[in-house]
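One file, model.cif, is given below (mmCIF, C-alpha atoms).
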```
data_structure
loop_
_atom_site.label_atom_id
_atom_site.label_comp_id
_atom_site.auth_asym_id
_atom_site.auth_seq_id
_atom_site.Cartn_x
_atom_site.Cartn_y
_atom_site.Cartn_z
CA MET A 1 -17.56 -43.24 27.60
CA ILE A 2 -17.22 -46.89 26.67
CA ARG A 3 -16.75 -49.12 29.69
CA PRO A 4 -14.12 -51.87 29.67
CA LEU A 5 -15.30 -55.43 29.14
CA ARG A 6 -14.25 -57.72 32.02
CA SER A 7 -14.38 -61.43 32.81
CA SER A 8 -13.12 -63.77 35.49
CA SER A 9 -14.37 -67.04 33.99
CA LEU A 10 -12.19 -69.84 32.64
CA ASP A 11 -15.18 -72.01 31.75
CA PRO A 12 -14.14 -74.07 28.68
CA ASN A 13 -17.67 -73.74 27.30
CA LEU A 14 -17.32 -69.94 27.26
CA LEU A 15 -13.85 -69.93 25.71
CA PRO A 16 -15.07 -69.56 22.08
CA VAL A 17 -17.40 -66.70 23.03
CA GLU A 18 -14.73 -64.88 25.01
CA GLU A 19 -12.23 -65.27 22.18
CA SER A 20 -14.72 -63.40 20.00
CA LEU A 21 -15.61 -60.76 22.60
CA PHE A 22 -12.04 -60.00 23.67
CA HIS A 23 -10.67 -59.53 20.14
CA LEU A 24 -8.57 -56.54 19.10
CA ALA A 25 -9.18 -54.73 15.83
CA ASN A 26 -8.17 -51.38 14.35
CA GLY A 27 -9.78 -51.38 10.90
CA TYR A 28 -6.70 -52.96 9.33
CA LEU A 29 -5.85 -55.96 11.52
CA GLY A 30 -8.08 -58.14 13.64
CA ILE A 31 -6.78 -60.56 16.26
CA ARG A 32 -9.04 -62.96 18.12
CA GLY A 33 -8.83 -62.91 21.90
CA TYR A 34 -7.25 -66.33 22.35
CA PHE A 35 -4.53 -67.04 24.90
CA GLY A 36 -0.99 -66.65 23.60
CA GLU A 37 0.37 -69.41 25.83
CA TYR A 38 -0.25 -72.36 23.61
CA GLU A 39 0.29 -75.98 24.38
CA LYS A 40 -1.48 -78.24 21.92
CA ARG A 41 -2.61 -80.85 24.44
CA GLN A 42 -4.49 -78.18 26.42
CA TYR A 43 -6.44 -77.12 23.32
CA GLU A 44 -7.22 -80.58 21.90
CA LYS A 45 -10.64 -80.81 23.56
CA ARG A 46 -11.34 -77.09 23.84
CA PRO A 47 -13.03 -75.30 20.93
CA SER A 48 -10.49 -72.52 20.37
CA VAL A 49 -10.04 -70.63 17.11
CA ARG A 50 -6.65 -68.93 16.84
CA GLY A 51 -6.75 -66.23 14.21
CA THR A 52 -5.19 -63.03 12.94
CA TYR A 53 -6.87 -61.41 9.96
CA ILE A 54 -6.23 -58.49 7.63
CA ASN A 55 -9.19 -56.37 6.55
CA ALA A 56 -10.41 -56.69 2.95
CA PHE A 57 -8.10 -59.62 2.18
CA TYR A 58 -10.09 -62.62 1.03
CA GLU A 59 -9.77 -65.69 -1.11
CA ASN A 60 -12.50 -66.78 -3.47
CA VAL A 61 -14.02 -70.17 -2.79
CA GLU A 62 -16.45 -72.26 -4.78
CA MET A 63 -19.89 -72.58 -3.18
CA ARG A 64 -21.46 -76.04 -3.39
CA TYR A 65 -25.07 -76.92 -2.70
CA PRO A 66 -26.91 -80.24 -2.57
CA GLU A 67 -29.33 -78.74 -5.11
CA ALA A 68 -28.53 -75.72 -7.25
CA HIS A 69 -31.24 -73.08 -7.52
CA ILE A 70 -31.48 -69.78 -9.34
CA GLY A 71 -29.96 -66.98 -7.30
CA PHE A 72 -27.57 -69.14 -5.27
CA PRO A 73 -24.05 -67.67 -5.51
CA LEU A 74 -21.45 -69.81 -7.25
CA GLN A 75 -18.53 -68.19 -5.45
CA GLY A 76 -17.99 -66.88 -1.95
CA GLU A 77 -15.26 -65.06 -0.09
CA ARG A 78 -13.35 -66.38 2.91
CA MET A 79 -11.05 -64.35 5.14
CA VAL A 80 -7.50 -65.63 5.01
CA ALA A 81 -5.83 -66.35 8.34
CA LEU A 82 -2.46 -64.66 8.72
CA PRO A 83 0.44 -66.19 10.66
CA ASP A 84 -0.25 -66.49 14.39
CA ALA A 85 1.68 -63.62 15.99
CA LYS A 86 0.56 -64.25 19.58
CA ARG A 87 2.39 -67.55 20.15
CA LEU A 88 4.07 -67.60 23.57
CA ASP A 89 5.86 -70.36 25.42
CA ILE A 90 6.41 -69.74 29.11
CA GLN A 91 8.14 -72.42 31.15
CA ILE A 92 8.84 -72.15 34.85
CA ASP A 93 11.23 -74.75 36.22
CA GLY A 94 10.59 -76.72 32.99
CA GLU A 95 6.79 -76.64 33.38
CA HIS A 96 4.61 -75.07 30.67
CA VAL A 97 2.45 -72.25 32.03
CA SER A 98 -1.02 -71.54 30.66
CA PRO A 99 -4.26 -70.04 31.97
CA LEU A 100 -5.88 -73.32 30.92
CA GLY A 101 -3.72 -75.25 33.40
CA ALA A 102 -5.21 -76.96 36.42
CA ARG A 103 -3.42 -74.82 39.02
CA VAL A 104 -4.66 -71.32 38.05
CA LYS A 105 -6.24 -68.87 40.51
CA ASN A 106 -7.36 -65.23 40.46
CA TYR A 107 -7.87 -65.12 36.69
CA THR A 108 -9.07 -61.79 35.30
CA ARG A 109 -9.43 -60.47 31.78
CA GLU A 110 -10.12 -56.97 30.50
CA LEU A 111 -10.60 -55.24 27.16
CA VAL A 112 -10.41 -51.44 27.04
CA LEU A 113 -12.03 -50.51 23.73
CA ALA A 114 -11.13 -46.82 23.87
CA SER A 115 -7.38 -47.52 23.92
CA GLY A 116 -7.25 -50.81 22.00
CA LYS A 117 -5.65 -52.62 24.93
CA SER A 118 -6.37 -56.06 26.25
CA ARG A 119 -4.92 -57.73 29.31
CA TYR A 120 -5.31 -60.90 31.29
CA ALA A 121 -3.67 -61.98 34.50
CA TYR A 122 -3.62 -65.04 36.72
CA ASP A 123 -1.70 -66.67 39.53
CA TYR A 124 -0.09 -69.98 38.68
CA GLU A 125 1.09 -72.66 41.09
CA THR A 126 3.89 -74.92 39.85
CA ALA A 127 4.00 -78.65 40.57
CA ASP A 128 6.38 -78.07 43.50
CA GLY A 129 4.09 -75.44 45.08
CA SER A 130 5.84 -72.25 43.95
CA HIS A 131 3.61 -69.32 43.00
CA VAL A 132 3.96 -67.04 39.98
CA SER A 133 1.90 -64.06 38.92
CA VAL A 134 1.43 -63.81 35.13
CA GLU A 135 0.15 -60.71 33.35
CA ILE A 136 -0.07 -60.34 29.58
CA LYS A 137 -0.99 -57.09 27.86
CA ASP A 138 -1.79 -56.81 24.16
CA LEU A 139 -2.00 -53.63 22.11
CA LEU A 140 -3.09 -53.20 18.51
CA SER A 141 -2.09 -49.69 17.47
CA PHE A 142 -4.65 -47.24 16.10
CA THR A 143 -1.98 -44.97 14.56
CA LYS A 144 0.43 -47.57 13.14
CA LYS A 145 -2.20 -50.00 11.89
CA GLU A 146 0.23 -52.89 11.29
CA LEU A 147 1.69 -52.76 14.81
CA PHE A 148 0.79 -55.42 17.40
CA VAL A 149 2.64 -55.40 20.73
CA GLN A 150 2.66 -57.79 23.68
CA GLN A 151 4.02 -57.20 27.16
CA VAL A 152 4.56 -60.19 29.44
CA ILE A 153 5.11 -59.64 33.17
CA LEU A 154 6.10 -62.63 35.33
CA THR A 155 6.52 -62.18 39.08
CA ALA A 156 7.81 -64.95 41.36
CA LYS A 157 5.93 -64.79 44.66
CA ASP A 158 8.01 -66.92 47.03
CA ARG A 159 11.42 -67.89 45.62
CA PRO A 160 13.67 -67.34 42.59
CA LEU A 161 12.58 -69.49 39.65
CA SER A 162 14.13 -70.68 36.42
CA ILE A 163 12.13 -69.09 33.58
CA GLN A 164 12.29 -69.89 29.89
CA PHE A 165 10.33 -67.59 27.62
CA SER A 166 9.91 -67.49 23.88
CA ALA A 167 7.63 -65.58 21.55
CA ALA A 168 7.16 -66.77 18.00
CA ILE A 169 5.22 -66.26 14.82
CA ASP A 170 3.58 -69.47 13.63
CA GLY A 171 3.51 -69.36 9.84
CA ASN A 172 1.75 -72.75 9.59
CA ASN A 173 -1.58 -71.28 10.59
CA GLU A 174 -4.44 -72.43 8.36
CA ASN A 175 -8.08 -71.50 8.07
CA GLN A 176 -10.14 -73.85 10.18
CA THR A 177 -13.15 -75.35 8.44
CA GLY A 178 -16.21 -77.44 8.99
CA GLY A 179 -18.91 -78.16 11.48
CA ASP A 180 -21.77 -75.97 12.56
CA ASP A 181 -19.49 -73.32 14.04
CA PRO A 182 -20.20 -69.96 12.31
CA ARG A 183 -16.73 -68.67 13.30
CA LEU A 184 -15.15 -71.23 11.00
CA ALA A 185 -14.90 -70.95 7.25
CA SER A 186 -17.17 -73.31 5.35
#
```
Target encoding structure tokens, full file:
Amino acid sequence: MIRPLRSSSLDPNLLPVEESLFHLANGYLGIRGYFGEYEKRQYEKRPSVRGTYINAFYENVEMRYPEAHIGFPLQGERMVALPDAKRLDIQIDGEHVSPLGARVKNYTRELVLASGKSRYAYDYETADGSHVSVEIKDLLSFTKKELFVQQVILTAKDRPLSIQFSAAIDGNNENQTGGDDPRLAS
């Protein structure tokens, strides 16, 4: 029996590693384990790689070397990033909610490899002191290989709240390149 992988760390230095470890894949699609709640300013200084990939779908790229030698390949293959299908925007009383926010407590994350399910949950405190429990479950189907499903559960702890929620597919997703990061295309 394969044990679930669990974490309770929101350390920004571990974010890239956890995005790799908590990925979902079924042999057809692969989705990195990044947080769906996306607010650009929260990711500006955090090394996150958002990515959804399809197996065996590559683009050919020219390989360049400072000095060419015999046996060095002239072409390489790079996985093509698909549109970002995990984009969520959760606003409570007009305030964007994210696990990367300053007022997050009781964060937990779990990946159950046997079922292809991933979940993370946290308690969020709004600027006015209200408390909300957030749980997000992701599933990448093993039987319908192209099917990705998200379930979002929001629970107000102390009073009724105004909630705005939207899920979107970001078609402007591009391959990220550069640096010494092996997760990025060269």
Write out as JSON, numbers by chain each polymer residue whose atoms come within 7 Å of stretch 56-61 of chain A, counting all atoms listed in the file; drop sequence neighbours fewer than 5 positions from it.
{"A": [75, 76, 77, 78, 79, 80]}
Please determine, counting only C-alpha atoms, which residue among A:His96, A:Leu88, A:Ala127, A:Asn106 has the shortest atom-to-atom distance to A:Gln151.
A:Leu88
Could you check which of A:Gly116, A:Pro160, A:Pro73, A:Gly36 is closest to A:Val97, using only C-alpha atoms?
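Comparing A:Gly116, A:Pro160, A:Pro73, A:Gly36 against A:Val97, the winner is A:Gly36.
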Using all atoms listed in the file, can you tell me which of A:Gly33, A:Gly101, A:Pro83, A:Gly71 comes closest to A:Ile136?
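For A:Ile136, the nearest of the candidates is A:Gly33.
Checking A:Ile90, A:Ala85, A:Val104, A:Val152 one by one against A:Ile169, counting all atoms listed in the file, you find the shortest gap at A:Ala85.
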Going by the chain IDs and residue numbers used in this file, which residues fall under the PyMOL selection byres ((chain A and resi 109) around 10)? Write them as a list in words.
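On the file shown, the PyMOL selection byres ((chain A and resi 109) around 10) covers Leu5, Arg6, Ser7, Ser8, Ser9, Leu10, Glu18, Phe22, Tyr107, Thr108, Glu110, Leu111, Ser118, Arg119, Tyr120, Ala121, Tyr122, Glu135, Ile136 and Lys137 of chain A.
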Point (-3.0, -62.8, 12.2), cut-off 12 Å, counting all atoms listed in the file, residues as a PyMOL selection string
chain A and resi 23-25+28-34+49-55+57+79-87+140+146-148+169-175
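Under the PyMOL selection byres ((chain A and resi 166) around 7), the matching residues in the shown file are Leu88, Asp89, Ile90, Gln164, Phe165, Ala167 and Ala168 of chain A.
Atom CA of A:Asp138 sits 25.1 Å away from atom CA of A:Gly94.
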Atom CA of A:Leu14 sits from atom CA of A:His131 at a separation of 26.2 Å
Closest of A:Leu113, A:Leu74, A:Leu139, A:Val134 to A:Thr155, counting only C-alpha atoms, is A:Val134
